Each structure stands twice: as C-alpha cells, then as structure tokens.
Amino acid sequence: SYSSTLDSIYTSTYVPPPPVYVPPPVVYPPEPEPVVSVFVAPPPTTSCFLPHTLVTMADGVTQKSISDIVIGDQIFGRNGTVSNVDGVKTSLLGSRLVYGWNEKEPFVSEEHPLMTTEGWGAFNPTTLLELHPDIHDEVINEQNKDIVKIKTGTEIVTDAGNEFVEDLVSISMDKDTVIYTLILGGDDHTFYANGILSHNKSPKPVYPPVIQET
C-alpha cells in the first residue's frame with residue numbers, strides 16, 4: 001500500500017545524527033603553597049682576635065694592633081719566620097666566648113688555635129670543629145694529633161718562653177663585636193698575638209692577594 005511504501009522510504013533513508021563528543025572535565029592540580037624565605041645567618045668566620053691585640057712585626061720587637069695591620073706588612077712567626085700579610089679578615093664575634101689569662105685582658109675567641117707545649121690547642125676545640133671542620137682537620141693533619149683543650153695548667157708557647165695558664169677568664173661580649181685575623185703568604189701559618197704563638201687559621205692564600213676588608 002501507499003502508506004507502507006512511505007514508511008519504507010523514510011525508514012531506509014533516515015540517518016541518525018553523529019554522536020556529540022563531550023570532553024571530560026579538566027582537573028587542574030592544586031596551587032602550590034607559597035615558598036616562605038627564612039634568612040639563616042651564616043656562622044662566624046675565621047676571625048678571632050679583638051682589635052687591640054698586638055701583633056709582633058718582622059723585626060721581632062715592634063708590635064702593632066691587629067686592627068692596624070695592612071696588606072704588605074711583614075710579621076714575625078714561629079722560629080723567626082717572616083711572613084707577608086696577604087689579607088686582613090674581619091667578622092662578628094657572635095656567641096663565642098673571649099679568653100684571657102695571667103692578667104691578660106680577654107683577646108682571643110674560644111676556638112682559635114694557640115701553640116702549647118703539647119701542640120696546637122684551643123679553649124674549645126669543639127667550636128672549631130663545628131664552625132670550620134676544614135681548618136680543624138688542617139691543624140690536626142699539620143701536627144698529626146688532636147687539638148689540645150687549653151685549660152688552667154696548660155703550658156702556652158710565647159715569644160718570651162713558655163708560661164702556664166693561670167687565672168683563666170672567659171667573657172661574653174656583644175655579638176656584633178668586630179674581630180680580626182690575618183691571611184699570610186708563604187708556608188708558615190703562624191704569628192705572635194699578644195706574645196702568644198698563634199695559628200693564622202685561614203686557608204692557604206690565593207694569589208693575587210685578596211683585597212683588604214674594611
């Protein structure tokens with residue numbers, strides 16, 4: 001019949017529409033937490049003497065305050081060695097204690113190596129290890145033994161002979177107190193500070209000489 005023919009035509013020619021693609025929802029990662037910068041103060045550097053500390057000059061007699069030493073000065077060291085000053089380092093004392101003895105006003109920080117009759121020593125070798133393990137190891141390697149803990153009764157090497165540590169005094173000072181040490185040329189790493197044979201406690205100098213810090 002006519003009706004069945006129409007049904008057949010519509011049925012055979014009908015094309016369903018293509019499926020509609022629906023993309024999945026985009027999921028973005030959460031925003032990262034903001035980074036908060038926290039300033040951590042660096043540890044104290046290798047400077048270790050108060051400004052009034054007297055350094056023995058090349059003639060073995062003249063003395064000059066360490067704060068007045070300049071690059072090019074020559075200073076007197078172990079066994080009469082004369083070393084050239086290649087740099088003067090300054091830093092802040094921080095929390096370190098300063099030591100004196102035998103009526104000497106406190107002048108040297110607790111970790112600085114001083115020569116004893118038993119080898120290099122310090123009032124607090126642990127502080128040297130914590131702050132400057134490289135220098136701690138350098139001093140140990142130099143003498144092939146541990147750093148002596150200086151205390152009452154320790155015998156210190158001076159430019160006038162040896163002296164026993166008595167009446168030991170340690171004080172704390174303002175953390176912003178400026179302290180000094182020297183960078184020396186040559187192979188010797190010693191100088192006399194207030195007459196005490198001292199290690200310059202700095203890495204071997206780099207050439208050309210460093211600019212003096214102010």
# chains A, B, ... in the order shown; residues from 1 in each chain; ligands from 1
$ select_by_dssp --residues "segment 65-146 of chain A" --states "strand (DSSP E)" --output "ChimeraX atom specification"
/A:65,74-76,82-92,98-100,108-109,114-116,119-122
$ residues_around --residues "segment 75-81 of chain A" --least-positions-apart "5" --cutoff "7 Å" --atoms "only C-alpha atoms" --output "list of chain:residue names"
A:Thr56, A:Met57, A:Ala58, A:Asp59, A:Gly60, A:Thr190, A:Phe191, A:Tyr192
$ write_last_selection --atoms "N, CA, C and O atoms" --output "compact mmCIF listing (two decimals), in the first residue's frame"
# COMPACT_ATOMS: atom_id res chain seq x y z
N THR A 56 103.29 40.94 66.60
CA THR A 56 104.73 41.21 66.52
C THR A 56 105.15 41.31 65.06
O THR A 56 104.87 40.41 64.26
N MET A 57 105.83 42.40 64.74
CA MET A 57 106.23 42.66 63.36
C MET A 57 107.54 41.95 63.02
O MET A 57 108.13 41.27 63.86
N ALA A 58 108.01 42.11 61.78
CA ALA A 58 109.11 41.31 61.25
C ALA A 58 110.40 41.44 62.05
O ALA A 58 111.20 40.49 62.09
N ASP A 59 110.63 42.57 62.70
CA ASP A 59 111.88 42.74 63.44
C ASP A 59 111.87 41.98 64.76
O ASP A 59 112.89 41.93 65.47
N GLY A 60 110.74 41.36 65.11
CA GLY A 60 110.66 40.59 66.34
C GLY A 60 110.49 41.42 67.58
O GLY A 60 110.43 40.87 68.69
N THR A 190 101.84 31.03 61.08
CA THR A 190 101.88 31.45 62.49
C THR A 190 102.25 32.92 62.62
O THR A 190 102.90 33.51 61.75
N PHE A 191 101.82 33.50 63.72
CA PHE A 191 102.25 34.84 64.12
C PHE A 191 102.07 34.95 65.62
O PHE A 191 101.42 34.09 66.25
N TYR A 192 102.65 35.98 66.20
CA TYR A 192 102.54 36.18 67.64
C TYR A 192 101.47 37.24 67.92
O TYR A 192 101.55 38.36 67.44
$ atom_distance --atom1 "atom CA of His112 of chain A" --atom2 "atom CA of Phe49 of chain A"
8.5 Å
$ atom_distance --atom1 "atom CA of Ile147 of chain A" --atom2 "atom CA of Thr116 of chain A"
9.9 Å
$ atom_distance --atom1 "atom CA of Ile171 of chain A" --atom2 "atom CA of Ile66 of chain A"
20.1 Å
$ residues_around --residues "Asp137 of chain A" --least-positions-apart "2" --cutoff "12 Å" --atoms "only C-alpha atoms" --output "number ranges by chain"
A: 113, 120, 125-126, 128-135, 139-147, 201, 203
$ residues_around --residues "Gly94 of chain A" --least-positions-apart "6" --cutoff "8 Å" --atoms "only C-alpha atoms" --output "list in words"
Pro44, Asp174, Lys175, Asp176 and Thr177 of chain A
$ select_by_dssp --residues "segment 1-210 of chain A" --states "alpha helix (DSSP H)" --output "PyMOL selection string"
chain A and resi 2-13+125-131+133-143
$ closest_residue --among "A:Ser95, A:Gly153, A:Met115, A:Lys104" --to "Met173 of chain A" --atoms "only C-alpha atoms"
A:Ser95
$ residues_around --residues "Glu166 of chain A" --least-positions-apart "6" --cutoff "8 Å" --atoms "only C-alpha atoms" --output "JSON, numbers by chain"
{"A": [101, 102, 152, 153]}
$ residues_around --residues "Asn194 of chain A" --least-positions-apart "5" --cutoff "10 Å" --atoms "only C-alpha atoms" --output "number ranges by chain"
A: 49, 52-56, 63-66, 104, 107-108, 158-159
$ write_last_selection --atoms "C-alpha atoms" --output "PDB file, in the first residue's frame"
ATOM      1  CA  PHE A  49      91.226  38.440  67.860  1.00  0.00           C
ATOM      2  CA  HIS A  52      93.559  45.825  70.469  1.00  0.00           C
ATOM      3  CA  THR A  53      95.523  42.544  70.136  1.00  0.00           C
ATOM      4  CA  LEU A  54      99.205  43.305  69.467  1.00  0.00           C
ATOM      5  CA  VAL A  55     100.926  41.528  66.562  1.00  0.00           C
ATOM      6  CA  THR A  56     104.728  41.208  66.523  1.00  0.00           C
ATOM      7  CA  GLN A  63     104.195  45.490  67.819  1.00  0.00           C
ATOM      8  CA  LYS A  64     101.127  46.764  66.023  1.00  0.00           C
ATOM      9  CA  SER A  65      97.423  46.418  66.837  1.00  0.00           C
ATOM     10  CA  ILE A  66      95.863  43.792  64.598  1.00  0.00           C
ATOM     11  CA  LYS A 104      95.961  39.451  80.088  1.00  0.00           C
ATOM     12  CA  PHE A 107      91.544  38.974  73.494  1.00  0.00           C
ATOM     13  CA  VAL A 108      91.135  35.635  71.678  1.00  0.00           C
ATOM     14  CA  THR A 158     105.158  32.671  73.944  1.00  0.00           C
ATOM     15  CA  ASP A 159     107.862  34.882  72.459  1.00  0.00           C
TER      16      ASP A 159
END
$ decode --residues "segment 57-87 of chain A" --atoms "N, CA, C and O atoms" --output "short mmCIF file (atom, residue, chain, number, x, y, z; two decimals), in the first residue's frame"
data_model
loop_
_atom_site.label_atom_id
_atom_site.label_comp_id
_atom_site.auth_asym_id
_atom_site.auth_seq_id
_atom_site.Cartn_x
_atom_site.Cartn_y
_atom_site.Cartn_z
N MET A 57 105.83 42.40 64.74
CA MET A 57 106.23 42.66 63.36
C MET A 57 107.54 41.95 63.02
O MET A 57 108.13 41.27 63.86
N ALA A 58 108.01 42.11 61.78
CA ALA A 58 109.11 41.31 61.25
C ALA A 58 110.40 41.44 62.05
O ALA A 58 111.20 40.49 62.09
N ASP A 59 110.63 42.57 62.70
CA ASP A 59 111.88 42.74 63.44
C ASP A 59 111.87 41.98 64.76
O ASP A 59 112.89 41.93 65.47
N GLY A 60 110.74 41.36 65.11
CA GLY A 60 110.66 40.59 66.34
C GLY A 60 110.49 41.42 67.58
O GLY A 60 110.43 40.87 68.69
N VAL A 61 110.41 42.75 67.42
CA VAL A 61 110.32 43.64 68.58
C VAL A 61 109.10 44.55 68.48
O VAL A 61 108.29 44.64 69.41
N THR A 62 108.97 45.24 67.34
CA THR A 62 107.87 46.17 67.15
C THR A 62 106.53 45.43 67.17
O THR A 62 106.41 44.32 66.64
N GLN A 63 105.54 46.07 67.78
CA GLN A 63 104.19 45.49 67.82
C GLN A 63 103.18 46.48 67.25
O GLN A 63 103.35 47.69 67.36
N LYS A 64 102.14 45.94 66.68
CA LYS A 64 101.13 46.76 66.02
C LYS A 64 99.77 46.13 66.29
O LYS A 64 99.62 44.90 66.22
N SER A 65 98.77 46.95 66.62
CA SER A 65 97.42 46.42 66.84
C SER A 65 96.94 45.71 65.57
O SER A 65 97.14 46.20 64.46
N ILE A 66 96.30 44.57 65.76
CA ILE A 66 95.86 43.79 64.60
C ILE A 66 94.89 44.59 63.73
O ILE A 66 94.85 44.40 62.51
N SER A 67 94.15 45.50 64.33
CA SER A 67 93.22 46.32 63.55
C SER A 67 93.94 47.33 62.67
O SER A 67 93.34 47.91 61.75
N ASP A 68 95.22 47.55 62.93
CA ASP A 68 96.01 48.50 62.13
C ASP A 68 96.89 47.80 61.10
O ASP A 68 97.57 48.47 60.31
N ILE A 69 96.92 46.48 61.12
CA ILE A 69 97.72 45.75 60.14
C ILE A 69 97.12 45.95 58.74
O ILE A 69 95.90 45.95 58.56
N VAL A 70 98.00 46.09 57.73
CA VAL A 70 97.54 46.28 56.35
C VAL A 70 98.24 45.27 55.46
O VAL A 70 99.28 44.69 55.82
N ILE A 71 97.66 45.05 54.29
CA ILE A 71 98.27 44.17 53.30
C ILE A 71 99.66 44.69 52.95
O ILE A 71 99.87 45.87 52.72
N GLY A 72 100.63 43.75 52.94
CA GLY A 72 102.01 44.12 52.65
C GLY A 72 102.87 44.20 53.89
O GLY A 72 104.10 44.17 53.78
N ASP A 73 102.25 44.33 55.08
CA ASP A 73 103.03 44.29 56.31
C ASP A 73 103.71 42.93 56.43
O ASP A 73 103.22 41.91 55.92
N GLN A 74 104.84 42.91 57.11
CA GLN A 74 105.55 41.66 57.37
C GLN A 74 105.56 41.40 58.87
O GLN A 74 105.81 42.32 59.66
N ILE A 75 105.27 40.16 59.23
CA ILE A 75 105.14 39.83 60.64
C ILE A 75 106.04 38.66 61.02
O ILE A 75 106.46 37.87 60.17
N PHE A 76 106.31 38.56 62.30
CA PHE A 76 107.23 37.59 62.88
C PHE A 76 106.46 36.35 63.30
O PHE A 76 105.42 36.44 63.95
N GLY A 77 106.96 35.16 62.92
CA GLY A 77 106.28 33.93 63.27
C GLY A 77 107.20 32.91 63.90
O GLY A 77 108.29 33.23 64.39
N ARG A 78 106.77 31.67 63.88
CA ARG A 78 107.49 30.56 64.50
C ARG A 78 108.92 30.43 63.96
O ARG A 78 109.16 30.56 62.77
N ASN A 79 109.85 30.20 64.88
CA ASN A 79 111.26 30.00 64.54
C ASN A 79 111.85 31.17 63.75
O ASN A 79 112.76 30.98 62.93
N GLY A 80 111.33 32.37 64.00
CA GLY A 80 111.87 33.56 63.34
C GLY A 80 111.41 33.74 61.91
O GLY A 80 111.92 34.62 61.20
N THR A 81 110.44 32.95 61.46
CA THR A 81 109.93 33.09 60.10
C THR A 81 109.24 34.44 59.92
O THR A 81 108.51 34.89 60.79
N VAL A 82 109.50 35.08 58.79
CA VAL A 82 108.84 36.33 58.46
C VAL A 82 107.84 36.05 57.34
O VAL A 82 108.20 35.50 56.30
N SER A 83 106.58 36.42 57.57
CA SER A 83 105.52 36.18 56.58
C SER A 83 104.92 37.50 56.12
O SER A 83 104.82 38.46 56.90
N ASN A 84 104.52 37.51 54.86
CA ASN A 84 103.85 38.68 54.30
C ASN A 84 102.34 38.59 54.57
O ASN A 84 101.74 37.53 54.46
N VAL A 85 101.75 39.73 54.94
CA VAL A 85 100.30 39.77 55.15
C VAL A 85 99.62 39.95 53.80
O VAL A 85 99.78 40.97 53.14
N ASP A 86 98.86 38.93 53.39
CA ASP A 86 98.15 38.97 52.12
C ASP A 86 96.70 39.43 52.27
O ASP A 86 96.03 39.71 51.29
N GLY A 87 96.22 39.48 53.49
CA GLY A 87 94.84 39.92 53.71
C GLY A 87 94.54 40.04 55.18
O GLY A 87 95.21 39.44 56.03
#
